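Peer 1: Below is data-v2.csv; it holds CSV, C-alpha atoms.
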chain,number,residue,atom,x,y,z
A,1,MET,CA,-17.5,-3.3,-18.6
A,2,PRO,CA,-18.4,-6.7,-16.9
A,3,ALA,CA,-15.7,-8.3,-19.0
A,4,SER,CA,-13.0,-6.1,-17.4
A,5,LYS,CA,-14.2,-6.8,-13.9
A,6,THR,CA,-11.5,-8.4,-11.6
A,7,PRO,CA,-12.5,-10.8,-8.9
A,8,ILE,CA,-12.0,-8.1,-6.4
A,9,THR,CA,-14.2,-5.6,-8.2
A,10,GLN,CA,-16.9,-8.3,-8.4
A,11,LEU,CA,-16.7,-9.0,-4.7
A,12,LEU,CA,-16.8,-5.3,-3.9
A,13,SER,CA,-20.1,-4.9,-5.8
A,14,GLU,CA,-21.6,-7.9,-4.2
A,15,TRP,CA,-20.7,-6.5,-0.8
A,16,ARG,CA,-22.1,-3.2,-1.7
A,17,ASP,CA,-25.3,-4.9,-2.8
A,18,GLY,CA,-25.7,-6.4,0.7
A,19,ASP,CA,-23.8,-9.7,0.6
A,20,GLU,CA,-21.9,-9.7,3.9
A,21,GLN,CA,-20.0,-12.9,3.0
A,22,ALA,CA,-18.4,-11.1,0.0
A,23,LEU,CA,-16.4,-9.0,2.5
A,24,ASP,CA,-15.1,-12.1,4.2
A,25,ARG,CA,-13.7,-13.3,0.9
A,26,LEU,CA,-12.5,-9.8,0.0
A,27,VAL,CA,-10.4,-8.9,3.0
A,28,PRO,CA,-7.9,-11.8,2.8
A,29,LEU,CA,-7.3,-11.0,-0.9
A,30,VAL,CA,-6.6,-7.4,-0.2
A,31,TYR,CA,-4.6,-8.2,2.9
A,32,SER,CA,-2.2,-10.7,1.2
A,33,ASP,CA,-1.5,-8.4,-1.7
A,34,LEU,CA,-1.0,-5.4,0.5
A,35,ARG,CA,1.3,-7.4,2.9
A,36,LYS,CA,3.4,-8.6,0.0
A,37,LEU,CA,3.8,-5.0,-1.3
A,38,ALA,CA,4.5,-3.6,2.2
A,39,LEU,CA,7.1,-6.2,3.1
A,40,ARG,CA,8.9,-5.8,-0.2
A,41,HIS,CA,8.9,-2.0,0.5
A,42,LEU,CA,10.0,-2.4,4.1
A,43,ARG,CA,13.0,-4.6,3.1
A,44,ARG,CA,14.1,-2.2,0.4
A,45,GLU,CA,13.7,0.9,2.6
A,46,GLY,CA,15.5,-0.7,5.6
A,47,ALA,CA,12.3,-0.6,7.6
A,48,VAL,CA,12.5,3.1,8.1
A,49,THR,CA,10.2,4.8,5.8
A,50,LEU,CA,7.0,3.7,4.2
A,51,SER,CA,4.3,5.4,2.3
A,52,ALA,CA,1.1,3.7,3.4
A,53,THR,CA,-1.1,5.6,1.0
A,54,GLU,CA,1.1,4.9,-2.0
A,55,LEU,CA,1.1,1.2,-1.2
A,56,VAL,CA,-2.7,1.2,-0.9
A,57,HIS,CA,-2.9,3.0,-4.2
A,58,GLU,CA,-0.5,0.5,-5.8
A,59,ALA,CA,-2.6,-2.4,-4.5
A,60,TYR,CA,-5.7,-0.8,-5.8
A,61,LEU,CA,-4.3,-0.5,-9.3
A,62,ARG,CA,-3.1,-4.1,-9.2
A,63,LEU,CA,-6.3,-5.6,-7.8
A,64,MET,CA,-9.0,-3.4,-9.2
A,65,GLY,CA,-7.8,-2.2,-12.6
A,66,PRO,CA,-8.5,1.2,-14.0
A,67,ASP,CA,-12.3,1.5,-14.8
A,68,VAL,CA,-13.8,1.4,-11.3
A,69,ASP,CA,-16.5,3.9,-10.2
A,70,TRP,CA,-15.5,6.1,-7.3
A,71,GLN,CA,-17.8,4.5,-4.8
A,72,ASP,CA,-16.2,1.1,-5.3
A,73,ARG,CA,-12.8,2.7,-5.1
A,74,ALA,CA,-13.7,4.4,-1.8
A,75,HIS,CA,-14.8,1.1,-0.3
A,76,PHE,CA,-11.6,-0.6,-1.5
A,77,PHE,CA,-9.5,2.2,0.0
A,78,ALA,CA,-11.4,1.9,3.3
A,79,ILE,CA,-10.8,-1.9,3.5
A,80,ALA,CA,-7.2,-1.5,2.5
A,81,ALA,CA,-6.6,1.3,5.1
A,82,ARG,CA,-7.6,-1.0,7.9
A,83,GLN,CA,-5.4,-3.8,6.7
A,84,MET,CA,-2.6,-1.5,6.2
A,85,ARG,CA,-2.7,-0.4,9.9
A,86,HIS,CA,-2.5,-4.1,10.9
A,87,ILE,CA,0.4,-4.8,8.6
A,88,LEU,CA,2.4,-1.9,9.8
A,89,VAL,CA,1.7,-2.4,13.5
A,90,ASP,CA,2.6,-6.1,13.2
A,91,HIS,CA,5.8,-5.2,11.5
A,92,ALA,CA,6.7,-2.7,14.2
A,93,ARG,CA,5.9,-5.3,16.9
A,94,HIS,CA,8.2,-7.8,15.3
A,95,LYS,CA,11.0,-5.3,15.0
A,96,GLN,CA,10.6,-4.4,18.6
A,97,ARG,CA,10.7,-8.1,19.7
A,98,ASP,CA,13.8,-8.7,17.5
A,99,LYS,CA,15.6,-5.9,19.2
A,100,ARG,CA,14.6,-7.0,22.7
A,101,GLY,CA,15.5,-4.2,25.1
A,102,GLY,CA,16.8,-2.1,22.2
A,103,GLY,CA,13.7,0.1,22.2
A,104,ALA,CA,11.0,0.4,19.5
A,105,ALA,CA,11.9,0.5,15.9
A,106,PRO,CA,9.8,3.4,14.7
A,107,VAL,CA,8.1,2.8,11.4
A,108,SER,CA,7.1,6.3,10.4
A,109,LEU,CA,4.4,7.2,7.9
A,110,HIS,CA,6.6,8.9,5.4
A,111,THR,CA,6.0,9.9,1.8
A,112,ASP,CA,8.9,12.3,1.4
A,113,ASP,CA,12.6,12.2,2.1
A,114,ALA,CA,12.6,15.8,3.3
A,115,LEU,CA,10.2,15.0,6.1
A,116,ASP,CA,11.1,15.7,9.7
A,117,SER,CA,10.2,12.5,11.6
A,118,HIS,CA,9.3,14.5,14.8
A,119,SER,CA,6.0,15.5,13.2
A,120,LEU,CA,5.1,11.9,12.6
A,121,PRO,CA,3.8,9.3,15.0
A,122,ASP,CA,5.7,6.3,16.1
A,123,MET,CA,3.6,3.4,14.9
A,124,LEU,CA,3.0,1.6,18.2
A,125,ALA,CA,2.1,4.7,20.1
A,126,PHE,CA,-0.1,5.7,17.2
A,127,ASP,CA,-1.8,2.4,17.3
A,128,GLN,CA,-2.5,2.6,21.0
A,129,LEU,CA,-3.9,6.1,20.7
A,130,LEU,CA,-6.3,5.0,17.9
A,131,ASP,CA,-7.5,2.2,20.3
A,132,GLN,CA,-8.1,4.7,23.1
A,133,LEU,CA,-9.8,7.0,20.8
A,134,SER,CA,-12.2,4.3,19.5
A,135,VAL,CA,-13.6,3.9,23.1
A,136,VAL,CA,-14.9,7.4,23.3
A,137,ASP,CA,-15.4,8.2,19.6
A,138,ALA,CA,-15.2,5.4,17.1
A,139,ARG,CA,-15.8,7.7,14.1
A,140,LYS,CA,-12.7,9.8,15.0
A,141,ARG,CA,-10.7,6.6,15.0
A,142,ASP,CA,-12.1,5.8,11.6
A,143,VAL,CA,-11.3,9.1,10.0
A,144,LEU,CA,-7.7,9.0,11.2
A,145,GLU,CA,-7.3,5.4,10.0
A,146,LEU,CA,-8.8,6.2,6.6
A,147,HIS,CA,-6.8,9.3,6.2
A,148,TYR,CA,-3.4,8.2,7.4
A,149,PHE,CA,-3.4,4.6,6.2
A,150,GLY,CA,-5.6,4.9,3.1
A,151,GLY,CA,-5.3,8.5,1.9
A,152,LEU,CA,-9.1,8.7,1.4
A,153,SER,CA,-10.5,12.0,0.2
A,154,TYR,CA,-13.2,13.9,2.1
A,155,LEU,CA,-15.8,12.7,-0.5
A,156,GLU,CA,-14.6,9.1,-0.2
A,157,MET,CA,-14.7,9.3,3.6
A,158,SER,CA,-18.1,10.9,3.7
A,159,HIS,CA,-19.4,8.1,1.4
A,160,VAL,CA,-17.8,5.3,3.5
A,161,LEU,CA,-18.8,6.7,6.9
A,162,LYS,CA,-22.2,8.0,5.7
A,163,VAL,CA,-21.8,11.5,7.1
A,164,SER,CA,-21.4,14.9,5.3
A,165,GLU,CA,-18.1,16.1,4.1
A,166,ALA,CA,-18.4,19.0,6.6
A,167,THR,CA,-18.6,16.4,9.4
A,168,VAL,CA,-15.6,14.6,8.1
A,169,ASP,CA,-13.7,17.9,8.0
A,170,ARG,CA,-14.6,18.7,11.7
A,171,ASP,CA,-13.8,15.2,12.9
A,172,LEU,CA,-10.5,15.1,11.1
A,173,ARG,CA,-9.4,18.6,12.3
A,174,PHE,CA,-10.1,17.7,15.9
A,175,ALA,CA,-8.8,14.2,15.8
A,176,LYS,CA,-5.5,15.3,14.2
A,177,ALA,CA,-5.0,18.0,16.8
A,178,TRP,CA,-5.8,15.5,19.6
A,179,LEU,CA,-3.4,13.0,18.1
A,180,ARG,CA,-0.6,15.5,17.8
A,181,GLN,CA,-1.1,16.8,21.3
A,182,SER,CA,-1.3,13.3,22.7
A,183,LEU,CA,2.0,12.2,21.0
A,184,GLU,CA,3.8,15.3,22.3
A,185,ALA,CA,2.4,15.0,25.8
B,1,MET,CA,-4.7,5.5,29.9
B,2,ASN,CA,-8.4,6.0,29.4
B,3,ILE,CA,-9.9,9.1,27.9
B,4,ASP,CA,-12.7,10.8,29.9
B,5,ALA,CA,-15.5,10.8,27.4
B,6,ALA,CA,-17.4,13.9,28.9
B,7,ARG,CA,-14.2,16.0,28.9
B,8,PHE,CA,-13.4,14.8,25.4
B,9,ARG,CA,-16.8,16.0,24.1
B,10,ARG,CA,-16.5,19.3,26.0
B,11,ALA,CA,-13.0,19.9,24.6
B,12,GLU,CA,-14.2,19.2,21.1
B,13,VAL,CA,-17.1,21.6,21.3
B,14,LEU,CA,-14.9,24.4,22.6
B,15,PHE,CA,-12.2,23.6,20.1
B,16,HIS,CA,-14.6,24.1,17.1
B,17,ALA,CA,-16.2,27.2,18.7
B,18,ALA,CA,-12.8,28.8,19.4
B,19,ARG,CA,-11.6,28.0,15.9
B,20,ALA,CA,-14.6,29.8,14.4
B,21,LEU,CA,-13.5,33.0,16.2
B,22,PRO,CA,-10.7,35.4,15.1
B,23,ALA,CA,-7.4,34.4,16.8
B,24,GLU,CA,-7.4,37.5,19.1
B,25,ARG,CA,-10.8,36.7,20.6
B,26,ARG,CA,-10.1,33.1,21.4
B,27,GLU,CA,-8.4,33.6,24.7
B,28,ALA,CA,-11.2,35.7,26.2
B,29,PHE,CA,-13.8,33.2,24.9
B,30,MET,CA,-11.9,30.3,26.6
B,31,ARG,CA,-11.6,32.2,29.9
B,32,VAL,CA,-15.3,32.6,30.0
B,33,GLU,CA,-16.2,29.1,28.9
B,34,CYS,CA,-13.6,27.2,31.0
B,35,GLY,CA,-14.0,29.3,34.2
B,36,ASP,CA,-12.1,27.7,37.0
B,37,ASP,CA,-11.4,24.6,35.0
B,38,THR,CA,-7.8,25.4,34.2
B,39,ASP,CA,-7.1,21.8,33.0
B,40,LEU,CA,-9.7,22.1,30.3
B,41,HIS,CA,-8.4,25.6,29.4
B,42,VAL,CA,-4.9,24.2,29.0
B,43,GLN,CA,-6.1,21.2,27.1
B,44,VAL,CA,-8.1,23.2,24.5
B,45,ALA,CA,-5.4,25.7,24.1
B,46,ALA,CA,-3.0,22.9,23.4
B,47,LEU,CA,-5.4,21.4,20.9
B,48,LEU,CA,-5.8,24.7,19.1
B,49,ALA,CA,-2.0,25.1,19.0
B,50,ALA,CA,-1.7,21.6,17.6
B,51,ALA,CA,-4.2,22.4,14.9
B,52,ASP,CA,-2.3,25.5,14.0
B,53,ALA,CA,0.9,23.6,13.9
B,54,GLU,CA,-0.7,21.0,11.7
B,55,ASN,CA,-1.8,23.7,9.2
B,56,ALA,CA,1.6,25.4,9.2
B,57,GLY,CA,3.5,22.1,8.8
B,58,PRO,CA,5.5,21.2,5.7
B,59,ALA,CA,3.4,20.4,2.7
B,60,THR,CA,5.6,17.4,2.2
B,61,ASN,CA,4.0,15.2,4.8
B,62,LEU,CA,1.8,12.2,4.2
B,63,LEU,CA,-1.5,14.1,4.8
B,64,GLU,CA,-0.7,16.8,2.3
B,65,ARG,CA,0.4,14.4,-0.3
B,66,ALA,CA,-2.6,12.1,0.3
B,67,GLY,CA,-4.7,15.3,0.1
B,68,SER,CA,-3.6,16.4,-3.3
B,69,GLU,CA,-4.1,13.0,-4.8
B,70,SER,CA,-7.6,12.7,-3.2
B,71,ILE,CA,-8.6,16.2,-4.3
B,72,ALA,CA,-7.9,15.1,-7.9
B,73,ARG,CA,-9.9,11.9,-7.4
B,74,ASP,CA,-12.9,13.9,-6.0
B,75,ALA,CA,-12.7,16.2,-9.0
B,76,GLU,CA,-12.9,13.2,-11.3
B,77,ALA,CA,-16.0,11.9,-9.5
B,78,GLN,CA,-17.8,15.0,-10.6
B,79,ASN,CA,-17.6,14.2,-14.3
B,80,GLY,CA,-20.9,14.5,-16.1
B,81,ARG,CA,-22.5,16.5,-13.3
B,82,ILE,CA,-24.7,19.4,-14.5
B,83,ILE,CA,-24.4,22.8,-12.8
B,84,GLY,CA,-26.8,25.4,-14.0
B,85,THR,CA,-26.6,25.4,-17.8
B,86,TRP,CA,-23.1,23.7,-17.7
B,87,ARG,CA,-22.1,20.0,-17.9
B,88,LEU,CA,-18.8,19.1,-16.3
B,89,LEU,CA,-16.7,17.2,-18.9
B,90,ARG,CA,-13.4,16.6,-17.0
B,91,PRO,CA,-11.2,18.2,-14.4
B,92,LEU,CA,-8.5,20.5,-15.7
B,93,GLY,CA,-6.8,21.0,-12.4
B,94,ALA,CA,-7.3,20.8,-8.7
B,95,GLY,CA,-5.6,22.6,-5.7
B,96,GLY,CA,-6.2,23.5,-2.1
B,97,MET,CA,-8.7,26.2,-2.9
B,98,GLY,CA,-10.8,24.6,-5.6
B,99,SER,CA,-11.0,22.6,-8.8
B,100,VAL,CA,-11.3,23.8,-12.4
B,101,PHE,CA,-13.3,21.8,-14.9
B,102,LEU,CA,-13.8,21.8,-18.6
B,103,VAL,CA,-17.5,22.4,-19.1
B,104,GLU,CA,-20.0,22.7,-22.0
B,105,ARG,CA,-23.5,24.2,-22.4
B,106,SER,CA,-26.0,21.5,-21.4
B,107,ASP,CA,-29.2,23.2,-22.5
B,108,GLY,CA,-28.6,22.6,-26.2
B,109,VAL,CA,-29.3,26.3,-27.0
B,110,PHE,CA,-25.9,26.7,-28.4
B,111,ARG,CA,-22.6,24.8,-28.3
B,112,THR,CA,-19.7,26.3,-26.4
B,113,GLN,CA,-17.1,25.2,-24.0
B,114,ALA,CA,-15.8,27.0,-21.0
B,115,ALA,CA,-13.8,26.5,-17.7
B,116,LEU,CA,-15.6,26.3,-14.4
B,117,LYS,CA,-14.0,26.9,-11.1
B,118,MET,CA,-15.5,25.4,-7.9
B,119,LEU,CA,-14.5,26.0,-4.3
B,120,ASN,CA,-13.4,22.8,-2.5
B,121,PRO,CA,-16.4,21.3,-0.6
B,122,TRP,CA,-14.8,21.4,2.9
B,123,LEU,CA,-14.2,25.2,2.5
B,124,ARG,CA,-17.9,26.0,2.2
B,125,GLY,CA,-19.2,27.8,5.2
B,126,SER,CA,-15.9,29.6,5.6
B,127,THR,CA,-17.2,33.2,5.3
B,128,SER,CA,-13.8,34.7,4.6
B,129,LEU,CA,-12.9,32.3,1.9
B,130,GLU,CA,-16.3,32.6,0.2
B,131,ARG,CA,-15.9,36.3,0.3
B,132,ARG,CA,-12.5,36.0,-1.3
B,133,PHE,CA,-13.9,33.8,-3.9
B,134,ALA,CA,-16.7,36.2,-4.7
B,135,LEU,CA,-14.2,39.1,-4.8
B,136,GLU,CA,-12.0,37.2,-7.3
B,137,ARG,CA,-15.1,36.6,-9.4
B,138,GLN,CA,-16.1,40.2,-9.3
B,139,ILE,CA,-12.6,41.4,-10.3
B,140,LEU,CA,-12.6,38.9,-13.2
B,141,SER,CA,-16.0,40.0,-14.5
B,142,ASP,CA,-14.7,43.6,-14.5
B,143,LEU,CA,-11.7,42.7,-16.6
B,144,LYS,CA,-12.2,42.8,-20.4
B,145,HIS,CA,-9.1,41.9,-22.3
B,146,PRO,CA,-8.4,39.5,-25.1
B,147,SER,CA,-5.7,37.7,-23.0
B,148,ILE,CA,-7.8,37.4,-19.9
B,149,ALA,CA,-10.5,34.8,-19.7
B,150,ALA,CA,-14.0,36.4,-19.7
B,151,LEU,CA,-16.3,35.6,-16.9
B,152,LEU,CA,-19.5,34.0,-18.2
B,153,ASP,CA,-21.4,33.0,-15.1
B,154,GLY,CA,-21.2,32.4,-11.4
B,155,GLY,CA,-23.3,31.3,-8.4
B,156,VAL,CA,-23.9,28.8,-5.7
B,157,THR,CA,-25.1,25.2,-6.3
B,158,ASP,CA,-28.0,23.5,-4.4
B,159,ASP,CA,-25.5,21.8,-2.1
B,160,GLY,CA,-23.8,25.0,-1.3
B,161,LEU,CA,-20.8,24.9,-3.5
B,162,SER,CA,-19.6,28.2,-5.0
Give the structure from this file in structure tokens form.
Peer 2:
Amino acid sequence: MPASKTPITQLLSEWRDGDEQALDRLVPLVYSDLRKLALRHLRREGAVTLSATELVHEAYLRLMGPDVDWQDRAHFFAIAARQMRHILVDHARHKQRDKRGGGAAPVSLHTDDALDSHSLPDMLAFDQLLDQLSVVDARKRDVLELHYFGGLSYLEMSHVLKVSEATVDRDLRFAKAWLRQSLEA
Amino acid sequence: MNIDAARFRRAEVLFHAARALPAERREAFMRVECGDDTDLHVQVAALLAAADAENAGPATNLLERAGSESIARDAEAQNGRIIGTWRLLRPLGAGGMGSVFLVERSDGVFRTQAALKMLNPWLRGSTSLERRFALERQILSDLKHPSIAALLDGGVTDDGLS
């Protein structure tokens, strides 16, 4: 098992064992790989659709390799989800600046062609709502981030956020309803 | 825009309380709870509608897709776990209701393999679903036919999973 450990896997276990500095070295590695993947994707897709969770999954397979226990995987997804949000928001801001006056270029979180884009948040509005939410309830911001950008499961979120799966479920139900309502308002 | 923290909390409490009620009783409940506060009433009603729309939405969206992948990952994480006299070997399938595992007897009394179906963790506590699951189990145990899987066992785990 140790022979197959990638540098990322190693850093993740060190971080889990309490070495805070491991996280500082880990984040840039994850970020640069995710960003490369995302930009390639955005160019190919003409900056319209992007599957955040699929990219996170792809980065995970590239950086972590197959035999990783699920707790490590959950932590990786959590780190990647937050990076993914930054990458997509940055990209949306650049697009908006390029088009000066031409309105925002929405980068929707799509995974399927058949999707109607009305049900999905515009990236910059979504980003602002997450910031507002974090002021009153940081954990709700976390569940939305982990869910939308990382595709974490209930078990994975409950492990990362250190709450029960039932709490994750309640938080997510309410936060998603709040998000949907705020975007429509 | 800033969110009013106290109103946010209150809306959250009412949202969950109303969702636990049958749809036809929600409106009366909200009238009592919100009283003169029509803003709150309107907001919680909108949140409930948003939650219903979320559930009724197309299964093609990001969340649903992320959901099915993550359900399969959660099922994998259960490998090797022992439930009653059964050891979970590997997931055979996973869906919205529950996951099915290949299991074997773990007590060494005799060797046999079987399939074990488990309700998804976030559905626990939902009385109607648990009742449906129990009913399904009862029907299956009443059926005796060579082409229908025989029911061997059933119950609730220590952490409340059916």
Peer 1: Between atom CA of Leu89 of chain B and atom CA of Gly108 of chain B, measure the distance and give it in Å to one decimal.
Peer 2: 15.0 Å
Peer 1: So what do you get for atom CA of Gly65 of chain A versus atom CA of Gln10 of chain A, distance-wise?
Peer 2: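 Between atom CA of Gly65 of chain A and atom CA of Gln10 of chain A the gap works out to 11.7 Å.
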Peer 1: As an exercise, work out the distance from atom CA of Ala38 of chain A to atom CA of Glu14 of chain A in Å and give it to one decimal place.
Peer 2: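 Answer for the atom CA of Ala38 of chain A to atom CA of Glu14 of chain A separation: 27.2 Å.
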Peer 1: With only C-alpha atoms as the basis for distance, which of A:Glu54, A:Asp90, A:Asp19, A:Glu145 is at the shortest distance from chain B?
Peer 2: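 Distance minimum relative to chain B lands on A:Glu54.
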Peer 1: Give me the residues near Leu88 of chain B as a ChimeraX atom specification, where near means some atom within 8 Å (using only C-alpha atoms) and where sequence neighbours in that chain fewer than 6 positions away do not count.
Peer 2: /B:78-82,101-104
Peer 1: Would you write out those residues with C-alpha atoms, as a PDB file, keeping the file's coordinate frame?
Peer 2:
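Heads up, here's the output in out11.pdb:
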ATOM      1  CA  GLN B  78     -17.800  15.000 -10.600  1.00  0.00           C
ATOM      2  CA  ASN B  79     -17.600  14.200 -14.300  1.00  0.00           C
ATOM      3  CA  GLY B  80     -20.900  14.500 -16.100  1.00  0.00           C
ATOM      4  CA  ARG B  81     -22.500  16.500 -13.300  1.00  0.00           C
ATOM      5  CA  ILE B  82     -24.700  19.400 -14.500  1.00  0.00           C
ATOM      6  CA  PHE B 101     -13.300  21.800 -14.900  1.00  0.00           C
ATOM      7  CA  LEU B 102     -13.800  21.800 -18.600  1.00  0.00           C
ATOM      8  CA  VAL B 103     -17.500  22.400 -19.100  1.00  0.00           C
ATOM      9  CA  GLU B 104     -20.000  22.700 -22.000  1.00  0.00           C
TER      10      GLU B 104
END
Peer 1: Could you check which of A:Gln181, A:Gln96, A:Ser134, A:Thr9 is closest to chain B, using only C-alpha atoms?
Peer 2: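 Smallest separation from chain B among the options: A:Gln181.
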